[in-house]
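The next block is upload_23.txt, given as compact mmCIF, C-alpha atoms.
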```txt
# COMPACT_ATOMS: atom_id res chain seq x y z
CA MET A 1 -43.07 -103.45 78.92
CA ASN A 2 -40.04 -101.25 79.49
CA ILE A 3 -37.51 -101.84 82.20
CA ASN A 4 -35.52 -99.02 83.77
CA GLU A 5 -32.02 -99.22 85.12
CA HIS A 6 -33.24 -99.63 88.69
CA GLU A 7 -35.31 -102.74 88.05
CA HIS A 8 -34.16 -106.33 87.96
CA VAL A 9 -33.10 -107.41 84.48
CA ILE A 10 -33.51 -111.08 85.43
CA GLU A 11 -36.09 -112.27 87.96
CA VAL A 12 -36.39 -115.91 89.00
CA THR A 13 -39.03 -116.99 91.50
CA ASP A 14 -39.46 -120.56 92.80
CA LEU A 15 -38.17 -121.92 89.49
CA ARG A 16 -38.42 -125.66 88.80
CA ARG A 17 -37.37 -127.91 85.93
CA VAL A 18 -38.33 -131.55 85.62
CA TYR A 19 -37.03 -133.98 82.99
CA GLY A 20 -38.63 -137.16 81.70
CA GLY A 21 -38.97 -139.82 84.34
CA GLY A 22 -39.65 -137.21 87.00
CA PHE A 23 -36.05 -136.12 87.66
CA GLU A 24 -36.19 -132.65 89.23
CA ALA A 25 -33.03 -130.82 88.11
CA VAL A 26 -34.07 -127.40 89.45
CA ARG A 27 -35.98 -127.46 92.72
CA GLY A 28 -37.54 -124.09 93.44
CA ILE A 29 -34.80 -121.47 93.22
CA THR A 30 -35.23 -117.71 93.56
CA PHE A 31 -32.78 -114.93 92.65
CA SER A 32 -32.55 -111.69 90.69
CA VAL A 33 -29.88 -109.92 88.64
CA ASP A 34 -29.62 -106.14 88.26
CA ARG A 35 -28.68 -104.18 85.17
CA GLY A 36 -24.91 -103.96 84.67
CA GLU A 37 -24.22 -106.78 87.12
CA VAL A 38 -22.16 -109.96 86.69
CA PHE A 39 -23.94 -112.85 88.38
CA ALA A 40 -22.31 -116.28 88.61
CA LEU A 41 -24.03 -119.63 89.07
CA LEU A 42 -21.69 -122.16 90.67
CA GLY A 43 -22.12 -125.81 91.47
CA THR A 44 -20.78 -129.29 90.86
CA ASN A 45 -21.75 -131.30 87.79
CA GLY A 46 -25.46 -132.01 87.93
CA ALA A 47 -26.18 -129.15 90.34
CA GLY A 48 -28.64 -127.56 87.89
CA LYS A 49 -26.60 -124.68 86.44
CA THR A 50 -27.11 -125.37 82.74
CA SER A 51 -30.72 -126.44 83.32
CA THR A 52 -31.37 -123.06 84.93
CA VAL A 53 -29.63 -121.06 82.22
CA GLU A 54 -31.60 -122.85 79.49
CA LEU A 55 -34.83 -121.75 81.18
CA LEU A 56 -33.57 -118.15 81.31
CA GLU A 57 -32.69 -118.35 77.61
CA GLY A 58 -36.21 -119.52 76.80
CA LEU A 59 -35.11 -122.88 75.44
CA ALA A 60 -37.63 -124.71 77.62
CA ARG A 61 -40.74 -123.98 79.65
CA PRO A 62 -40.38 -124.21 83.46
CA ALA A 63 -42.19 -127.01 85.27
CA GLY A 64 -43.09 -124.45 87.91
CA GLY A 65 -42.28 -120.98 89.15
CA ARG A 66 -41.68 -117.80 87.21
CA VAL A 67 -38.82 -116.35 85.16
CA ARG A 68 -38.60 -112.91 83.58
CA VAL A 69 -35.81 -111.48 81.44
CA LEU A 70 -36.02 -107.77 80.61
CA GLY A 71 -39.55 -107.89 81.96
CA HIS A 72 -40.73 -110.68 79.65
CA ASP A 73 -41.26 -114.42 79.73
CA PRO A 74 -38.24 -115.66 77.70
CA HIS A 75 -40.14 -118.73 76.47
CA ALA A 76 -43.60 -117.35 75.72
CA GLU A 77 -42.23 -114.01 74.47
CA ARG A 78 -39.05 -115.32 72.86
CA ASP A 79 -39.44 -113.04 69.82
CA VAL A 80 -39.19 -110.01 72.14
CA VAL A 81 -36.41 -111.25 74.41
CA ARG A 82 -34.09 -113.05 71.98
CA PRO A 83 -32.95 -109.96 69.95
CA ARG A 84 -31.80 -108.29 73.18
CA THR A 85 -29.78 -111.20 74.54
CA GLY A 86 -26.54 -112.96 73.62
CA VAL A 87 -25.90 -116.62 74.35
CA MET A 88 -22.62 -118.50 74.57
CA LEU A 89 -23.32 -122.20 74.90
CA GLN A 90 -20.85 -124.76 76.25
CA GLU A 91 -20.24 -125.82 72.65
CA GLY A 92 -21.18 -123.86 69.53
CA GLY A 93 -21.32 -126.69 66.99
CA PHE A 94 -20.59 -124.55 63.93
CA PRO A 95 -19.83 -126.03 60.48
CA SER A 96 -16.21 -127.11 60.57
CA GLU A 97 -15.46 -126.29 56.92
CA LEU A 98 -16.39 -122.61 57.20
CA THR A 99 -13.71 -120.06 58.01
CA VAL A 100 -13.89 -117.83 61.06
CA ALA A 101 -15.00 -114.89 58.90
CA GLU A 102 -17.64 -116.96 57.08
CA THR A 103 -19.02 -118.25 60.37
CA ALA A 104 -19.27 -114.74 61.79
CA ARG A 105 -20.90 -113.48 58.57
CA MET A 106 -23.44 -116.32 58.62
CA TRP A 107 -24.32 -115.64 62.24
CA ALA A 108 -24.55 -111.88 61.72
CA GLY A 109 -27.22 -112.53 59.10
CA CYS A 110 -29.38 -114.05 61.85
CA VAL A 111 -28.92 -111.17 64.30
CA SER A 112 -30.82 -107.88 64.41
CA GLY A 113 -28.58 -104.81 64.37
CA ALA A 114 -25.36 -106.80 64.31
CA MET A 115 -22.06 -105.02 64.82
CA PRO A 116 -19.44 -105.47 62.07
CA GLU A 117 -18.11 -109.03 62.22
CA ALA A 118 -14.51 -107.80 62.22
CA GLU A 119 -15.20 -105.72 65.33
CA ALA A 120 -16.59 -108.70 67.24
CA LEU A 121 -13.69 -110.92 66.20
CA ASP A 122 -11.17 -108.27 67.23
CA MET A 123 -12.83 -108.02 70.65
CA VAL A 124 -11.99 -111.67 71.35
CA GLY A 125 -8.54 -111.71 69.74
CA LEU A 126 -9.46 -113.54 66.51
CA GLY A 127 -8.87 -110.63 64.15
CA ARG A 128 -5.87 -112.35 62.59
CA ARG A 129 -7.55 -115.75 62.27
CA THR A 130 -10.42 -114.80 59.98
CA GLY A 131 -9.27 -117.03 57.11
CA VAL A 132 -8.78 -120.14 59.25
CA ARG A 133 -11.36 -122.93 59.04
CA VAL A 134 -13.27 -123.70 62.22
CA LYS A 135 -11.93 -127.26 62.26
CA GLN A 136 -8.37 -125.90 62.40
CA LEU A 137 -8.98 -123.74 65.48
CA SER A 138 -7.74 -124.83 68.88
CA GLY A 139 -10.30 -125.53 71.60
CA GLY A 140 -9.58 -122.15 73.17
CA GLU A 141 -9.98 -120.35 69.84
CA ARG A 142 -13.35 -122.01 69.31
CA ARG A 143 -14.47 -120.67 72.67
CA ARG A 144 -13.34 -117.22 71.58
CA LEU A 145 -15.40 -117.60 68.41
CA ASP A 146 -18.43 -118.67 70.45
CA LEU A 147 -18.05 -115.50 72.53
CA ALA A 148 -17.65 -113.28 69.47
CA LEU A 149 -20.90 -114.58 68.00
CA ALA A 150 -22.71 -114.02 71.31
CA LEU A 151 -21.59 -110.39 71.19
CA LEU A 152 -22.59 -109.67 67.57
CA GLY A 153 -26.02 -108.32 68.48
CA ARG A 154 -24.70 -105.90 71.13
CA PRO A 155 -26.78 -107.71 73.78
CA GLU A 156 -28.28 -106.07 76.84
CA VAL A 157 -28.12 -109.44 78.61
CA LEU A 158 -25.31 -111.91 78.00
CA PHE A 159 -25.50 -115.58 79.04
CA LEU A 160 -22.12 -117.29 79.28
CA ASP A 161 -22.09 -121.04 79.94
CA GLU A 162 -18.55 -122.05 81.00
CA PRO A 163 -17.00 -119.24 78.89
CA THR A 164 -13.30 -119.93 79.55
CA THR A 165 -13.22 -123.72 79.34
CA GLY A 166 -10.28 -124.68 77.13
CA LEU A 167 -8.60 -121.27 77.32
CA ASP A 168 -5.03 -120.87 78.50
CA ALA A 169 -4.22 -118.50 81.36
CA GLU A 170 -3.71 -115.51 79.05
CA GLY A 171 -6.93 -116.19 77.16
CA ARG A 172 -8.84 -116.51 80.42
CA ARG A 173 -7.51 -113.18 81.69
CA ASP A 174 -8.35 -111.48 78.37
CA THR A 175 -11.90 -112.83 78.57
CA TRP A 176 -12.25 -111.58 82.14
CA GLU A 177 -11.17 -108.11 81.05
CA LEU A 178 -13.68 -108.14 78.19
CA VAL A 179 -16.50 -109.17 80.54
CA ARG A 180 -15.58 -106.32 82.90
CA GLU A 181 -15.66 -103.86 80.00
CA LEU A 182 -19.08 -105.12 78.94
CA ARG A 183 -20.38 -104.81 82.50
CA ASP A 184 -19.02 -101.29 82.83
CA ALA A 185 -20.83 -100.41 79.59
CA GLY A 186 -24.12 -101.59 81.11
CA THR A 187 -24.39 -105.18 79.88
CA THR A 188 -25.88 -107.62 82.36
CA VAL A 189 -23.92 -110.89 82.46
CA LEU A 190 -25.02 -114.22 83.89
CA LEU A 191 -22.35 -116.90 83.75
CA THR A 192 -21.78 -120.44 84.88
CA THR A 193 -18.27 -121.59 85.63
CA HIS A 194 -16.30 -124.39 87.25
CA TYR A 195 -13.43 -121.98 87.91
CA LEU A 196 -13.98 -120.53 91.37
CA GLU A 197 -11.18 -118.02 90.84
CA GLU A 198 -13.13 -116.77 87.82
CA ALA A 199 -16.26 -116.19 89.87
CA GLU A 200 -14.27 -114.53 92.64
CA ASN A 201 -12.62 -112.14 90.16
CA LEU A 202 -15.62 -111.34 87.97
CA ALA A 203 -18.89 -111.75 89.82
CA ASP A 204 -20.63 -108.99 91.75
CA ARG A 205 -22.82 -111.69 93.28
CA ILE A 206 -22.91 -115.48 93.16
CA ALA A 207 -25.27 -118.34 93.89
CA ILE A 208 -23.98 -121.81 94.70
CA LEU A 209 -26.31 -124.58 93.53
CA HIS A 210 -26.40 -128.04 95.04
CA GLU A 211 -28.78 -130.70 93.76
CA GLY A 212 -31.06 -128.13 92.17
CA ARG A 213 -31.29 -125.77 95.14
CA ILE A 214 -29.42 -122.60 96.12
CA ALA A 215 -27.16 -123.53 99.03
CA ALA A 216 -25.62 -120.05 99.42
CA ALA A 217 -25.93 -116.67 97.73
CA GLY A 218 -24.53 -113.16 98.03
CA THR A 219 -21.36 -111.31 97.15
CA PRO A 220 -18.21 -113.46 97.09
CA ALA A 221 -17.17 -111.78 100.35
CA GLU A 222 -20.51 -112.56 102.00
CA VAL A 223 -20.39 -116.21 100.96
CA THR A 224 -16.80 -116.71 102.10
CA ALA A 225 -17.44 -114.90 105.40
CA ALA A 226 -19.34 -117.95 106.63
CA GLN A 227 -16.13 -120.00 106.47
CA PRO A 228 -13.28 -119.64 108.99
CA SER A 229 -10.06 -117.81 108.15
CA ARG A 230 -6.71 -119.57 108.58
CA ILE A 231 -3.46 -118.76 110.38
CA SER A 232 -0.49 -121.10 110.31
CA PHE A 233 3.03 -120.73 111.70
CA GLU A 234 5.94 -122.70 113.07
CA LEU A 235 6.31 -122.75 116.84
CA PRO A 236 9.61 -121.25 118.04
CA GLN A 237 12.10 -123.71 119.52
CA GLY A 238 11.35 -124.45 123.16
CA TYR A 239 7.69 -123.37 122.91
CA PHE A 240 4.53 -125.45 122.80
CA VAL A 241 0.89 -124.73 122.00
CA GLY A 242 0.20 -124.41 125.70
CA ASP A 243 2.56 -121.44 125.83
CA LEU A 244 0.30 -119.46 123.49
CA PRO A 245 -2.46 -117.24 124.88
CA PRO A 246 -5.66 -119.24 125.58
CA LEU A 247 -7.02 -120.16 122.16
CA ASP A 248 -10.60 -119.37 123.14
CA ASP A 249 -9.56 -115.87 124.20
CA MET A 250 -7.91 -115.45 120.80
CA GLY A 251 -11.14 -116.33 119.01
CA VAL A 252 -9.81 -119.65 117.69
CA ARG A 253 -12.52 -122.13 116.72
CA GLU A 254 -10.31 -125.08 115.74
CA HIS A 255 -6.62 -125.88 115.73
CA GLU A 256 -4.34 -128.66 114.60
CA ILE A 257 -0.66 -129.43 115.06
CA ASP A 258 1.63 -130.99 112.48
CA GLY A 259 5.08 -131.36 114.06
CA ARG A 260 6.12 -127.81 114.89
CA VAL A 261 3.50 -126.24 112.59
CA VAL A 262 0.31 -124.92 114.18
CA ARG A 263 -2.82 -124.21 112.15
CA LEU A 264 -5.60 -122.07 113.61
CA ARG A 265 -9.11 -121.50 112.23
CA THR A 266 -11.04 -118.43 113.29
CA HIS A 267 -14.03 -116.28 112.35
CA GLU A 268 -12.29 -113.27 113.94
CA LEU A 269 -9.15 -113.00 111.84
CA GLN A 270 -8.03 -109.55 112.98
CA ARG A 271 -8.53 -110.35 116.67
CA THR A 272 -6.72 -113.70 116.46
CA ALA A 273 -3.83 -112.40 114.38
CA THR A 274 -3.37 -109.32 116.59
CA ARG A 275 -3.23 -111.30 119.83
CA LEU A 276 -0.87 -113.86 118.31
CA LEU A 277 1.53 -111.18 117.05
CA VAL A 278 1.40 -109.24 120.33
CA TRP A 279 2.28 -112.46 122.17
CA ALA A 280 5.21 -113.14 119.83
CA ASP A 281 6.48 -109.57 120.19
CA THR A 282 6.21 -109.69 123.98
CA ALA A 283 7.98 -113.06 124.08
CA GLY A 284 10.66 -111.78 121.70
CA VAL A 285 10.25 -114.69 119.28
CA GLU A 286 9.82 -114.96 115.52
CA LEU A 287 6.91 -116.90 114.05
CA ARG A 288 8.51 -118.56 111.04
CA ARG A 289 6.43 -119.61 108.03
CA LEU A 290 3.65 -117.30 109.20
CA ASP A 291 0.67 -117.40 106.82
CA VAL A 292 -2.51 -115.40 107.48
CA ARG A 293 -5.37 -115.56 105.02
CA PRO A 294 -9.16 -115.23 104.91
CA ALA A 295 -11.29 -118.07 103.60
CA SER A 296 -11.37 -118.42 99.83
CA LEU A 297 -14.41 -119.02 97.66
CA GLU A 298 -13.04 -122.51 97.00
CA GLU A 299 -13.10 -123.29 100.72
CA ALA A 300 -16.63 -121.93 101.00
CA PHE A 301 -17.71 -124.00 98.01
CA LEU A 302 -16.18 -127.19 99.40
CA GLY A 303 -17.58 -126.45 102.85
CA ILE A 304 -21.09 -126.05 101.47
CA ALA A 305 -20.73 -129.26 99.47
CA ARG A 306 -19.57 -131.15 102.58
CA GLU A 307 -22.41 -129.75 104.69
CA ALA A 308 -24.99 -130.65 102.04
CA ALA A 309 -23.57 -134.16 101.68
CA GLY A 310 -23.58 -134.63 105.45
CA ALA A 311 -27.18 -133.46 105.72
CA ALA A 312 -28.19 -135.86 102.96
CA GLU A 313 -26.47 -138.78 104.76
CA LYS A 314 -28.25 -137.96 108.02
CA LYS A 315 -31.58 -137.77 106.22
CA GLU A 316 -30.96 -141.10 104.51
CA TYR A 317 -29.89 -142.71 107.77
CA ALA A 318 -32.95 -141.36 109.59
CA ALA A 319 -35.21 -142.76 106.88
```
So that I can check it, write out the structure of this file as structure tokens.
Amino acid sequence: MNINEHEHVIEVTDLRRVYGGGFEAVRGITFSVDRGEVFALLGTNGAGKTSTVELLEGLARPAGGRVRVLGHDPHAERDVVRPRTGVMLQEGGFPSELTVAETARMWAGCVSGAMPEAEALDMVGLGRRTGVRVKQLSGGERRRLDLALALLGRPEVLFLDEPTTGLDAEGRRDTWELVRELRDAGTTVLLTTHYLEEAENLADRIAILHEGRIAAAGTPAEVTAAQPSRISFELPQGYFVGDLPPLDDMGVREHEIDGRVVRLRTHELQRTATRLLVWADTAGVELRRLDVRPASLEEAFLGIAREAAGAAEKKEYAA
């Protein structure tokens, strides 16, 4: 079965995974990933991210639902899917006594149509570390090696499980740039990450998992749009909150006061900010320490986690 560039490269429908003892780690999730797209799975520890990715990689059979990668069942048709995918696990587990070059050479021997090992190592910044033994690499360098090996087969689909864990800021930025280059060249990337900034910078779309279910999905902008934006400032001397225009008329949902500092939350950032600034200009006052910002993905993530936890408490209390 061939797949054209307009079809979904990854299709997940009502996917479930159950471990021994009946623990349901993935509870009926549905999503799709298009060709040349970066899709991020987010969630706290135990949310089901790695369990989901392992099903997509064909490492286990789903307990229910359907998964297709490049039009095939990755478990039942592993021999068809595996040569066209690259996988970067959370930990590679390569022989510690081998050098970087020897490890890459060994892995290339297991990959169909592998690119030159030196090219893959150069892509991740390990070109000058080829003679170093794996056990002598830093944690960040080992992650770079894991990524290089995932790229050896020039994969159409790349699975990255926590790809920048252990990397310093420069290494993380270099990895982001490499992922963007791969995406622009047509590679489809599905990644899990604990770094929300990483998802916000890289992902075309995201799904936030909570206790095995998708709590929110969409572009980063769509997910964050559900959370209120923030405006904070210091009240001018001689003024009080009551001197401001009516907060409801400004589109303010919530506010709090900390000494002279006022914090506003709104779903209508432009409207609220405009009316606040027009008021200040008309009154001839300066709003010191003015800070205007939309909701971040971190705030959306924490908000979803709080809502899910609150719903679970209500359910438990009702029971």
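The point (-19.9, -101.8, 67.3) has these residues within 12 Å of it, counting only C-alpha atoms: Gly113, Ala114, Met115, Pro116, Glu117, Ala118, Glu119, Ala120, Leu121, Asp122, Met123, Ala148, Leu151, Leu152, Gly153, Arg154 and Pro155 of chain A.
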Store the residues picked out above, limited to C-alpha atoms, as a CSV table (one decimal), in the frame of the given file.
```csv
chain,number,residue,atom,x,y,z
A,113,GLY,CA,-28.6,-104.8,64.4
A,114,ALA,CA,-25.4,-106.8,64.3
A,115,MET,CA,-22.1,-105.0,64.8
A,116,PRO,CA,-19.4,-105.5,62.1
A,117,GLU,CA,-18.1,-109.0,62.2
A,118,ALA,CA,-14.5,-107.8,62.2
A,119,GLU,CA,-15.2,-105.7,65.3
A,120,ALA,CA,-16.6,-108.7,67.2
A,121,LEU,CA,-13.7,-110.9,66.2
A,122,ASP,CA,-11.2,-108.3,67.2
A,123,MET,CA,-12.8,-108.0,70.6
A,148,ALA,CA,-17.6,-113.3,69.5
A,151,LEU,CA,-21.6,-110.4,71.2
A,152,LEU,CA,-22.6,-109.7,67.6
A,153,GLY,CA,-26.0,-108.3,68.5
A,154,ARG,CA,-24.7,-105.9,71.1
A,155,PRO,CA,-26.8,-107.7,73.8
```
Give me the box for region 91-101 of chain A as AutoDock Vina command-line options, namely the centre and edge lengths in Å to one decimal of a box along x, y and z that holds every listed atom plus 8 Å on each side.
```
--center_x -17.5 --center_y -121.0 --center_z 64.8 --size_x 23.6 --size_y 28.2 --size_z 31.7
```
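Within the 10 Å cut-off around Ile257 (chain A), using only C-alpha atoms and omitting residues fewer than 3 positions from it on the same chain, the listed residues are Ser232, Glu234, Leu235, Val241, Arg260, Val261, Val262, Arg263 and Leu264 of chain A.
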### Message
So that I can check the surroundings of Asp243 (chain A), please list as a PyMOL selection string every protein, DNA and RNA residue that reaches within 12 Å of it, counting all atoms listed in the file and ignoring chain neighbours fewer than 5 positions away.
### Response
chain A and resi 235-238+276+279-280+283
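Atom to atom, CA of Asp168 (chain A) and CA of Leu89 (chain A) stand 18.7 Å apart.
Across the structure, CA of Pro95 (chain A) and CA of Gly166 (chain A) are spaced 19.2 Å apart.
With only C-alpha atoms as the atoms that count, the residue of A:Glu211, A:Asp248, A:Glu37, A:Asp281 with the shortest distance to Arg180 (chain A) is A:Glu37.
In terms of minimum interatomic distance to Leu190 (chain A), A:Phe39 ranks closest within A:Phe39, A:Phe23, A:Phe94, A:Phe240, counting all atoms listed in the file.
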### Separation of CA of Ile231 (chain A) from CA of Leu209 (chain A) in Å
29.0 Å
### Which residue of A:Leu247, A:Ala215, A:Val157, A:Ala40 approaches Ala199 (chain A) most closely, using all atoms listed in the file
A:Ala40
### Query
So which one's closest to Met88 (chain A), A:Ile206, A:Val134, A:Leu191, A:Ala101? Using all atoms listed in the file, please.
A:Leu191
### Task
Excluding Thr193 (chain A) and any residue of its chain fewer than 2 positions from it, enumerate the residues within 12 Å of it, using all atoms listed in the file, and give them as a PyMOL selection string.
chain A and resi 39-45+47+49-50+53+89-90+159-165+172+190-191+195-203+206-209
